[in-house]
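Engineer: What follows is a single structure, and I will ask about it in a moment.
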Amino acid sequence: MDEFTPIASKEEVEDAIDSTGPRCSSCDAPLREEDRFCRKCGLVAGPLDDAGAAEKKWNAVRQLILFFIIEAIICATSFVKALDTFSWMVCGDVLLALVAIVFVALNWKACKPLLTWNDFSWGRLLLYCTLAIVASIIISFVVDWLNLSLFSKRVSYHAYFSRYNYAIALTIFFTALTPSLFEELAFRVFLLGKLLMVTEKRPAIFISAFMFGIMHMSFLSLFWLIPFGLALAWLRIRHRTMWYGSCIHFCFNFTVCITEIWQAARHY
Amino acid sequence: MEETATGPQSGAHFCPSCWTPIDADDDFCNKCGCPLKGTEQEQRNFISNRAAKEIDLDEAHGKVHRAGNALFWIGGATFVFSLIGYVASADEDTKNTLLIINTILSAINVGLGFWARKKPLPAIIAGLSLFVLVFIVNAFADPAYIVKGMLFKIIILVFFITGIRSAIEAEKIKKELHM
């Protein structure tokens, strides 16, 4: 019988195994699955955390807090009777838009990709918008019924603008168009982006929806605003764009406007 | 050169820092990063450094826990004061609405407090945002609210801020220790 001749030496086989497995990002020594630290250089196995990650997180939290305080102050002015005027409402909306633009501009590098719409699909857009319209109609009627049952009053954006010329155009502009752009820019582009720097995906989605919900300062609306915020945040992460959310937000609010205009026409 | 600790079985080697079994030709422990081929002084430094980091981690966890508890305190205080307000108020409509709103607020804070046990950082951020919003809204509605219970509000705010800072610090130490 012929003597068995190995094709490769033991070292060559080990090298071959090593070359396919994970390696230390610092010294390139092979790592075993159970290794937490490299056995050769002693550094943490796997990708190293980038320098100053904790400081970056803390900076992100500080920006979040500052952004939230500014937004809350602008929104809370609605509780001041002296500021319950059309002019101040316009000023408030302009300020909110400016805050969103400034914070996005300060984080332009991270926010820029979300302003593109690379995976645009008509079918998907149609599906999302249809769902938004259906949800809006259901919620409009439920909230209207709750307001009448609990507080014996009807809350209407259209009623607020009805005393001015071009009431329908104003209602649609301030209730549907501007929030769908600037709330998305503020909460889904800037705020969610910062939260994703601080925490994992799921908690970030939840906090952004929670902040979005409470910022509207209406307890009754909180029950549908948080799920709405969750859906928009999830879509922004899934599609890496703000535009699906923006369109959904517009369709949702636009349907509310149309429902209110229709109800107003029916009653008067 | 410092020899690694030898175990009960002949030939078995253990890390002098975490007592994990190690291979004789390893330069560093694969579980804690201890310099196995380093000098005695280097190994002592490593062990004391690691112990100091573990103490820092414990302290950070304590601050995070305290911030989580602050959510329960806010929830409790909101509920108690809303009950007092309910009994003291004569306006039927307002007092019922306020009781409902404060009960929901209280429940949200308690819920966030329980969430903070599992996910402290996001729960504390959410709690802080709610606390700030309630403060701002109340301050606009009634400026006297700013000075009411100021000490309690400052303490809660300090707990939240140090809690967030410590949660970030704890994550950093955990990564360094590879826990």
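Lettering and numbering for the structure tokens are positional, with chains as A, B, ... in the shown order, residues counted from 1 in each chain, and ligands counted from 1 in the shown order.
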As a VMD selection string, list the residues of region 1-164 of chain B assigned to helix (DSSP H, G or I) by DSSP on the backbone atoms of this structure.
Structural biologist: chain B and resid 40 to 88 92 to 118 120 to 141 143 to 146 150 to 164
Engineer: Mind listing as a ChimeraX atom specification which residues of chain A are within 8 Å of chain B, counting only C-alpha atoms?
Structural biologist: /A:34-44,49,53-54,57-58,65,68-69,72-73,76-77,79-80,199,203-204,207,210-211,214-215,219
Engineer: My list of candidates is B:Leu99, B:Cys18, B:Ile108, B:Ile74. Which is closest to Arg50 (chain B) when distances are computed with only C-alpha atoms?
Structural biologist: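 Ranked by minimum distance to Arg50 (chain B), first place goes to B:Cys18.
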Engineer: Record the distance separating CA of Met150 (chain B) and CA of Arg62 (chain A), expressed in Å with one decimal.
Structural biologist: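 Computing the Euclidean distance for CA of Met150 (chain B) and CA of Arg62 (chain A) yields 22.3 Å.
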Engineer: Show which residues sit within 12 Å of Val134 (chain A), as a list in words. Count only C-alpha atoms, and ignore same-chain residues fewer than 6 positions away.
Structural biologist: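 Residues near the query, excluding close chain neighbours: Leu127, Tyr128, Ser140, Phe141, Ile248, Cys251, Phe252, Asn253, Phe254, Thr255, Val256 and Thr259 of chain A.
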Engineer: Looking only at the backbone, which of the residues in region 4-138 of chain B does DSSP tag as strand (DSSP E or B), as a list in words?
Structural biologist: Ala5, Thr6, His13, Phe14, Pro21, Ile22, Phe28 and Pro35 of chain B
Engineer: Of the residues B:His13, B:His65, B:Asp58, B:Ser106, which is the one nearest to Lys118 (chain B), using only C-alpha atoms?
Structural biologist: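 Counting only C-alpha atoms, the residue closest to Lys118 (chain B) is B:His65.
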Engineer: Do a neighbour search on region 75-77 of chain B at 12 Å with only C-alpha atoms, toss out local chain neighbours closer than 2 positions, and write the hits as a ChimeraX atom specification.
Structural biologist: /B:68-73,79-85,102-114,127,130-131,149,152-153,156
Engineer: In Å, rounded to a single decimal, give me how far CA of Leu220 (chain A) is from CA of Leu150 (chain A).
Structural biologist: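 Between CA of Leu150 (chain A) and CA of Leu220 (chain A) the gap is 10.2 Å.
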Engineer: Quote the spacing between CA of Gly213 (chain A) and CA of Ile168 (chain A) in Å to one decimal place.
Structural biologist: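 Taking CA of Gly213 (chain A) as the start and CA of Ile168 (chain A) as the end point, the length is 25.7 Å.
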Engineer: Name the residues in contact with Gly245 (chain A) at a cut-off of 9 Å, using only C-alpha atoms, excluding same-chain residues fewer than 3 positions from it; report them as an MDAnalysis selection string.
Structural biologist: chainID A and resid 128 180 184 188 231:233 235:236 241:242 248:250
Engineer: Counting only C-alpha atoms, which residue out of A:Ala29, A:Met217, A:Ile258, A:Ile101 sits closest to Thr175 (chain A)?
Structural biologist: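 The answer is A:Ile258, which sits nearest to Thr175 (chain A).
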